[in-house]
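Written out below as structure tokens is the structure these notes cover.
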Amino acid sequence: MIKLWLKRATAHFDQFLLITLLFTLLVALFVLYSASGQSMDRMMSQATNIIVALVILWIFANIPPQHLQRVAVPLYLLGMLLLIGVFLFGDVSKGARRWLNLGVMRIQPSELMRIAVPMLLAWYFARREDALRFVDYVIGAVMLALPVALIVKQPDLGTALLIAASGFYVLFLAGLSWRLLIGLGLSVAGLIPLVWPHLHDYQRRRIEILFDPYQDPLGAGYHTIQATIALGSGGLAGKGWLHGTQAQLDFLPERHTDFIFAVFGEEFGLLGNLLLLVLFSIIIARGMLITINAQNTFSRLLAGSITLTFFTYAFVNMGMVSGILPVVGVPLPLISYGGTSLVTLMIGFGILMSIQTHKKLMSA
Amino acid sequence: MHLRSELKNTQREQHLFRLRLGVSAIVVLICFCILAARFFYLQFFKYDHYQTLAESNRISLVPIVPNRGLILDRNGVVLAHNFFVYTLEITPSRVENVETTINNVAQLIEITSSDRKRFKKFRDQSHSFESVPLRSHLSEEEAARFAVNRYRFPGVEIRSRLFRHYPQGELGSHLIGYIARINDSDLKSLDEKDDLPNYKGTDHIGKSGLEQYYEEQLHGTTGFQQVEIDADGHAVRVLSSSPPVPGNNLTLSIDSKLQDIAEKAFGEHRGALVAINPANGEVLAYVSQPSFDPNLFVDGIDPDSWRGLNESLDKPLINRPMRGVYPPGSTFKPFVAMAGLEYGKREPPYSIGDPGFYTLPGSSHQYRDWKPGGHGRVDIQRAITISCDTFFYGLALDIGIDKLAAFTSHFGFGRKSGIDLDGELAGLLPTPAWKAKRWKQKWYPGETLITGIGQGYLQVTPLQLAQATATLANNGTAVRPHLVTSIQEGGGKGIIRPVAVQIMDKIELSQPHIDLVRQGMMGVTQPGGTAASIGAGAPYLIAAKTGTAQVVAIKQGEKYNAKAIDERHRDHALFIAYAPAENPRIALAVIVENGGHGGSVAGPIARQVMDYYLLGKDPTPPPATKPEPMTATTEPEPHD
């Protein structure tokens, strides 16, 4: 009886993916303990976040993809409404307007859009699949550009970038022509001189300092310099858990959030880094397998976008910590401290599992 | 057929999709390979390099705090400067028992109980690994005595820190303001401005007055040294350094001697004075009494002193000139008169016969004049001179409240003056629209009447009043009042940037009207005026107006008797003036809280300020500030 119940409850877990995720999260807890200056409180609070996120993953794994397809439009519209609300009356914190105070709680609508945007685009291209025309890509691009523009305005460059990427992946997988892609790439390059003056000072400085962190060793370049030293001094096998001097001696800023990878790399070295890359690769490979086996266009596009967005997170964060990408506020997926981004990630993985497992049930 | 083509379509689509996903997989692979290569480069090839940097000799960036800019008065007298002092500091995380340590240290160096209290406060506000000051201003001898015994006290250190000092003490403390230790909310706002890196190593920040408003100018740019430190944290050698850029010096329009005379003139009274050069908006004196010693805050104020200042009934911490709001009383009348003339309402030879009260048509309520029985025949010029309430009741009603508000707002009433200080209040210039919004009530004609004599909802700050007087003296050209006249870059060595004079408003006034109001105000300080004693013996002409602001309402038919009421319920005394009347060089406003009648208490203060500014006359020893004997026992006191 209990066995049956348990079986039903776990029916929609993709075991392979789940085990990989759990292993990565376990590693994350250890890194966090070290990165937070051996704070048990921080670790327990993240453990709570993980449990909540897993419950949410389970819920989403149990929602059949058809239901998601149905709520895609209202979810997107709700997200847009909230984003406009933030734009008009959002709370300002640290110079950015990201939060909307609803009286009972404060929400960050850009997080909702991380899921809603790829869902809407997947819904749209699935609907138009028989008669895809050029204009559909234009419509898709507009539906993507609206929320991204509002989030850039907040300003939250990191999130905007990731949402733009997630939407772009749907367009790309839906068959956006290569010629257009190359044209787009060139025009983006052409747009840079136009966009440059409109960026916030701090955003501009971050990009400038990417090319020369020693321009501002105390300020914006400090992050990059210290993170590079941490990684480099980790060497082949690392200094050992809790023994990273850069991390433990307070040289690293934001070391339990966006820069946690520097702590990881210092303490576990090149081997640890490669292991982490392998773990991420396994997750991505599994996501791609689920994508390829998905049964309809909506599921395919959504799964593909979720998988590739996860990759983007990882790449952008590791790239910025190791000094080959500009410092944008993107956490390292699964590892960085923080509940919101973890929940959003787990919703994505829940959807992936749902796509995988509901297919099996249907064909059975 | 149809089905087959659809199938074929689906197949083609599947094929396309797989191709796309394949391309994505290759991109992912390439990106991860780039990362792996980067890690390989950093952690394998450059390992020795970074290892050296991080492990055996850790590189530390040591900030070099810049010297904060000086604040000087118009003659170069120093109002705020810095000097090095020795402080004794404890890092709680490196000390086993903080209490015992302090007790042991106290055997070597005197630690007072307020030092202990302050230390406790700081300790609660900082992290355990931060160094917390226990005592400052150690003498050379004390520092030496501790240095000898230093080995006994791990975690206790002597540091040399730059301290801010205000050599003039209480003088002008409300305008100079003070700096104090950076707290969490300062950190937040610095972070928002993306200014945090520049404050590495800086402990203090401007909290009020000019120190706050000109924080960015005064702070300077933090320099840094890249030093190698060994495993014990000692600096081994300096790798590179960029020197700090000292903060900019501020030169004020304030004359500290004038400021001093003005402050002393208040004696024991509470109140405010603002004196402005009407031609260029330079603030010559900015007084808020009682005052406080800003030096108390620099070091972190101890809880007892704080309580004393904060809970005092005299409210010494309030910046009265810009944050004290008072009804202007009769000092508002010259502006109402100006409005009346410009709207063509009371051109001479128009005059009224004053019976001593005013009644609205169809009402029996008597709006009384301060003089029972009235002033007899009064034209607009005489109405100002003798402060005839009856005249202004009728005039205000005739102009109408909306027009009156619109006109007087150009003089700065109801809006901020724009002075270079933070936290200025705008006062209140009431209109029916304001009342409907604020109180959801309609406006009554009676409220227009009392607005005409500066009572009712109307509220002004002393700064606004001085600014309005300056604008009047300047024939309608409103100049932004400012305290800083020039900023010198690079701590007194760089270029000097003068602060530009900024015209805020230009009111078109006709010369005959200006002259009429001026004549009325000149009459005030001449025999027959409400402040005749103020003009007595002055070798220059003073245009002035007295005023009284009610603190408690007087009931209909009741008589105001200053002696019968509690001191703090007495009326506020107000006085505005500019001089020399024909060619004004100074315009000022004085408010003495609970001072009674404007001419007798506030007027003499104004006279002393004008005498010094215009004649260089130093009123030492200060004359007695007790009210001159008035004939008030037999005659009604001018309650103008």
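How things are named: the first chain in the structure tokens is A, the next is B, and so on; residues count from 1 in each chain; ligands count from 1 in the order shown.
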
Find the residues of chain B that sit at most 6 Å from chain A; for each, write down the nearest two atoms and how far apart they are in Å, to one decimal. Count only C-alpha atoms. Sort by chain, then by number going up, and give it as a tab-separated table.
```
residue	atom	partner	partner_atom	distance
B:Arg20	CA	A:Leu173	CA	5.7
B:Leu42	CA	A:Gly232	CA	4.6
B:Gln43	CA	A:Gly232	CA	4.4
B:Phe44	CA	A:Gly235	CA	5.9
B:Tyr47	CA	A:Gly232	CA	5.3
B:Tyr50	CA	A:Ser233	CA	4.8
B:Gln51	CA	A:Ser233	CA	4.3
B:Glu192	CA	A:Gly95	CA	4.8
B:Pro197	CA	A:Gly219	CA	4.9
```

Kindly export the residues of the current selection with N, CA and C atoms, as a PDB file, in the first residue's frame.
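Once everything was written out, this is selection.pdb:
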```
ATOM      1  N   ARG B  20      19.236  21.621 -35.219  1.00  0.00           N
ATOM      2  CA  ARG B  20      19.425  22.814 -34.376  1.00  0.00           C
ATOM      3  C   ARG B  20      19.951  22.442 -32.993  1.00  0.00           C
ATOM      4  N   LEU B  42      44.721  29.403 -15.800  1.00  0.00           N
ATOM      5  CA  LEU B  42      44.857  30.064 -14.492  1.00  0.00           C
ATOM      6  C   LEU B  42      45.466  29.134 -13.460  1.00  0.00           C
ATOM      7  N   GLN B  43      44.958  27.895 -13.436  1.00  0.00           N
ATOM      8  CA  GLN B  43      45.290  27.025 -12.302  1.00  0.00           C
ATOM      9  C   GLN B  43      46.472  26.114 -12.559  1.00  0.00           C
ATOM     10  N   PHE B  44      46.875  26.036 -13.814  1.00  0.00           N
ATOM     11  CA  PHE B  44      48.012  25.176 -14.114  1.00  0.00           C
ATOM     12  C   PHE B  44      49.210  25.999 -14.568  1.00  0.00           C
ATOM     13  N   TYR B  47      49.723  29.046 -12.217  1.00  0.00           N
ATOM     14  CA  TYR B  47      49.554  28.700 -10.812  1.00  0.00           C
ATOM     15  C   TYR B  47      50.617  29.344  -9.935  1.00  0.00           C
ATOM     16  N   TYR B  50      49.943  33.095  -9.402  1.00  0.00           N
ATOM     17  CA  TYR B  50      48.841  33.398  -8.476  1.00  0.00           C
ATOM     18  C   TYR B  50      49.099  32.842  -7.085  1.00  0.00           C
ATOM     19  N   GLN B  51      49.799  31.745  -7.064  1.00  0.00           N
ATOM     20  CA  GLN B  51      50.181  31.162  -5.789  1.00  0.00           C
ATOM     21  C   GLN B  51      50.999  32.169  -4.985  1.00  0.00           C
ATOM     22  N   GLU B 192      24.266  52.799  -3.276  1.00  0.00           N
ATOM     23  CA  GLU B 192      23.358  53.197  -4.356  1.00  0.00           C
ATOM     24  C   GLU B 192      24.029  54.166  -5.310  1.00  0.00           C
ATOM     25  N   PRO B 197      33.494  52.041  -2.992  1.00  0.00           N
ATOM     26  CA  PRO B 197      34.945  51.822  -3.056  1.00  0.00           C
ATOM     27  C   PRO B 197      35.724  53.050  -2.582  1.00  0.00           C
TER      28      PRO B 197
END
```

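Secondary structure of stretch 139-185 of chain B, strand (DSSP E or B) only (DSSP, backbone atoms): B:Val156, B:Glu157, B:Ile158, B:Arg159, B:Ser160, B:Arg161, B:Leu162, B:Phe163, B:Arg164, B:His165, B:Ile179, B:Ala180, B:Arg181.
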
Inset, instruction - Name all residues at most 12 Å from B:Gln107 (count only C-alpha atoms; drop same-chain ones fewer than 3 positions away) and give them as a list in words. - result: Thr100, Thr101, Ile102, Asn103, Asn104, Glu110, Ile111, Thr112, Glu142, Arg145, Phe146 and Asn149 of chain B

Resulting file, chosen residues, N, CA and C atoms, as a PDB file, in the first residue's frame:
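See out_2.pdb below for the written result:
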```pdb
ATOM      1  N   THR B 100      37.446  42.434  30.863  1.00  0.00           N
ATOM      2  CA  THR B 100      38.702  42.332  31.608  1.00  0.00           C
ATOM      3  C   THR B 100      39.780  43.152  30.928  1.00  0.00           C
ATOM      4  N   THR B 101      39.839  43.035  29.591  1.00  0.00           N
ATOM      5  CA  THR B 101      40.860  43.770  28.858  1.00  0.00           C
ATOM      6  C   THR B 101      40.720  45.267  29.107  1.00  0.00           C
ATOM      7  N   ILE B 102      39.478  45.760  29.033  1.00  0.00           N
ATOM      8  CA  ILE B 102      39.284  47.198  29.242  1.00  0.00           C
ATOM      9  C   ILE B 102      39.729  47.584  30.652  1.00  0.00           C
ATOM     10  N   ASN B 103      39.381  46.750  31.618  1.00  0.00           N
ATOM     11  CA  ASN B 103      39.773  47.046  32.995  1.00  0.00           C
ATOM     12  C   ASN B 103      41.281  47.100  33.137  1.00  0.00           C
ATOM     13  N   ASN B 104      41.974  46.171  32.472  1.00  0.00           N
ATOM     14  CA  ASN B 104      43.427  46.159  32.541  1.00  0.00           C
ATOM     15  C   ASN B 104      44.027  47.382  31.857  1.00  0.00           C
ATOM     16  N   GLU B 110      43.657  56.384  31.286  1.00  0.00           N
ATOM     17  CA  GLU B 110      42.357  56.726  31.846  1.00  0.00           C
ATOM     18  C   GLU B 110      41.231  56.406  30.863  1.00  0.00           C
ATOM     19  N   ILE B 111      40.270  55.614  31.318  1.00  0.00           N
ATOM     20  CA  ILE B 111      39.100  55.291  30.506  1.00  0.00           C
ATOM     21  C   ILE B 111      37.876  55.744  31.316  1.00  0.00           C
ATOM     22  N   THR B 112      37.172  56.717  30.816  1.00  0.00           N
ATOM     23  CA  THR B 112      36.028  57.221  31.581  1.00  0.00           C
ATOM     24  C   THR B 112      34.799  56.350  31.329  1.00  0.00           C
ATOM     25  N   GLU B 142      50.597  59.044  27.000  1.00  0.00           N
ATOM     26  CA  GLU B 142      49.716  57.888  27.127  1.00  0.00           C
ATOM     27  C   GLU B 142      50.019  56.856  26.042  1.00  0.00           C
ATOM     28  N   ARG B 145      53.163  55.116  26.917  1.00  0.00           N
ATOM     29  CA  ARG B 145      52.970  54.200  28.028  1.00  0.00           C
ATOM     30  C   ARG B 145      52.305  52.898  27.551  1.00  0.00           C
ATOM     31  N   PHE B 146      51.348  53.046  26.648  1.00  0.00           N
ATOM     32  CA  PHE B 146      50.691  51.838  26.163  1.00  0.00           C
ATOM     33  C   PHE B 146      51.629  51.027  25.280  1.00  0.00           C
ATOM     34  N   ASN B 149      53.708  48.583  26.973  1.00  0.00           N
ATOM     35  CA  ASN B 149      52.993  47.429  27.524  1.00  0.00           C
ATOM     36  C   ASN B 149      52.181  46.665  26.480  1.00  0.00           C
TER      37      ASN B 149
END
```

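Distances to B:Leu79 were evaluated for B:Ile534, B:Val592, B:Leu171, B:Leu309 using only C-alpha atoms, and the minimum falls at B:Leu171.
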
Inset, instruction - Pull the helix (DSSP H, G or I) assignments for stretch 345-569 of chain B out of DSSP run on the backbone, and list those residues as a PyMOL selection string. - result: chain B and resi 380-386+389-399+401-409+432-439+445-452+462-473+511-524+532-535+562-564+567-569

Inset, instruction - Point out the residue among B:Ile34, B:Ala602, B:Ile419, B:Val105 with the least atom-to-atom distance to B:Val479, counting only C-alpha atoms. - result: B:Ile419

Legend entry - Separation of atom CA of A:Gly338 from atom CA of A:Ile56 in Å: 15.3 Å

Legend entry - Surrounding residues of stretch 235-245 of chain B excluding itself and chain neighbours under 4 positions, 6 Å, only C-alpha atoms, as number ranges by chain: B: 66, 220-229

Atoms to include: N, CA and C atoms. Write the selected residues as a tab-separated table (two decimals), in the first residue's frame.
```tsv
chain	number	residue	atom	x	y	z
B	66	PRO	N	41.86	60.12	2.08
B	66	PRO	CA	42.24	61.49	1.74
B	66	PRO	C	41.91	62.45	2.88
B	220	GLY	N	36.99	63.88	-1.04
B	220	GLY	CA	38.21	63.60	-1.78
B	220	GLY	C	38.21	62.19	-2.34
B	221	THR	N	39.30	61.82	-3.01
B	221	THR	CA	39.38	60.50	-3.62
B	221	THR	C	40.38	59.65	-2.86
B	222	THR	N	39.95	58.47	-2.48
B	222	THR	CA	40.80	57.58	-1.71
B	222	THR	C	41.92	57.03	-2.59
B	223	GLY	N	43.13	57.09	-2.09
B	223	GLY	CA	44.24	56.49	-2.80
B	223	GLY	C	44.41	55.06	-2.32
B	224	PHE	N	45.34	54.33	-2.92
B	224	PHE	CA	45.57	52.98	-2.41
B	224	PHE	C	47.01	52.58	-2.63
B	225	GLN	N	47.41	51.66	-1.81
B	225	GLN	CA	48.73	51.07	-1.93
B	225	GLN	C	48.54	49.59	-2.10
B	226	GLN	N	49.23	49.02	-3.06
B	226	GLN	CA	49.21	47.59	-3.20
B	226	GLN	C	50.43	47.09	-2.42
B	227	VAL	N	50.18	46.41	-1.31
B	227	VAL	CA	51.32	45.95	-0.53
B	227	VAL	C	51.31	44.44	-0.41
B	228	GLU	N	52.48	43.89	-0.29
B	228	GLU	CA	52.58	42.47	0.00
B	228	GLU	C	52.57	42.32	1.50
B	229	ILE	N	51.77	41.40	1.98
B	229	ILE	CA	51.81	41.16	3.42
B	229	ILE	C	52.19	39.70	3.64
```
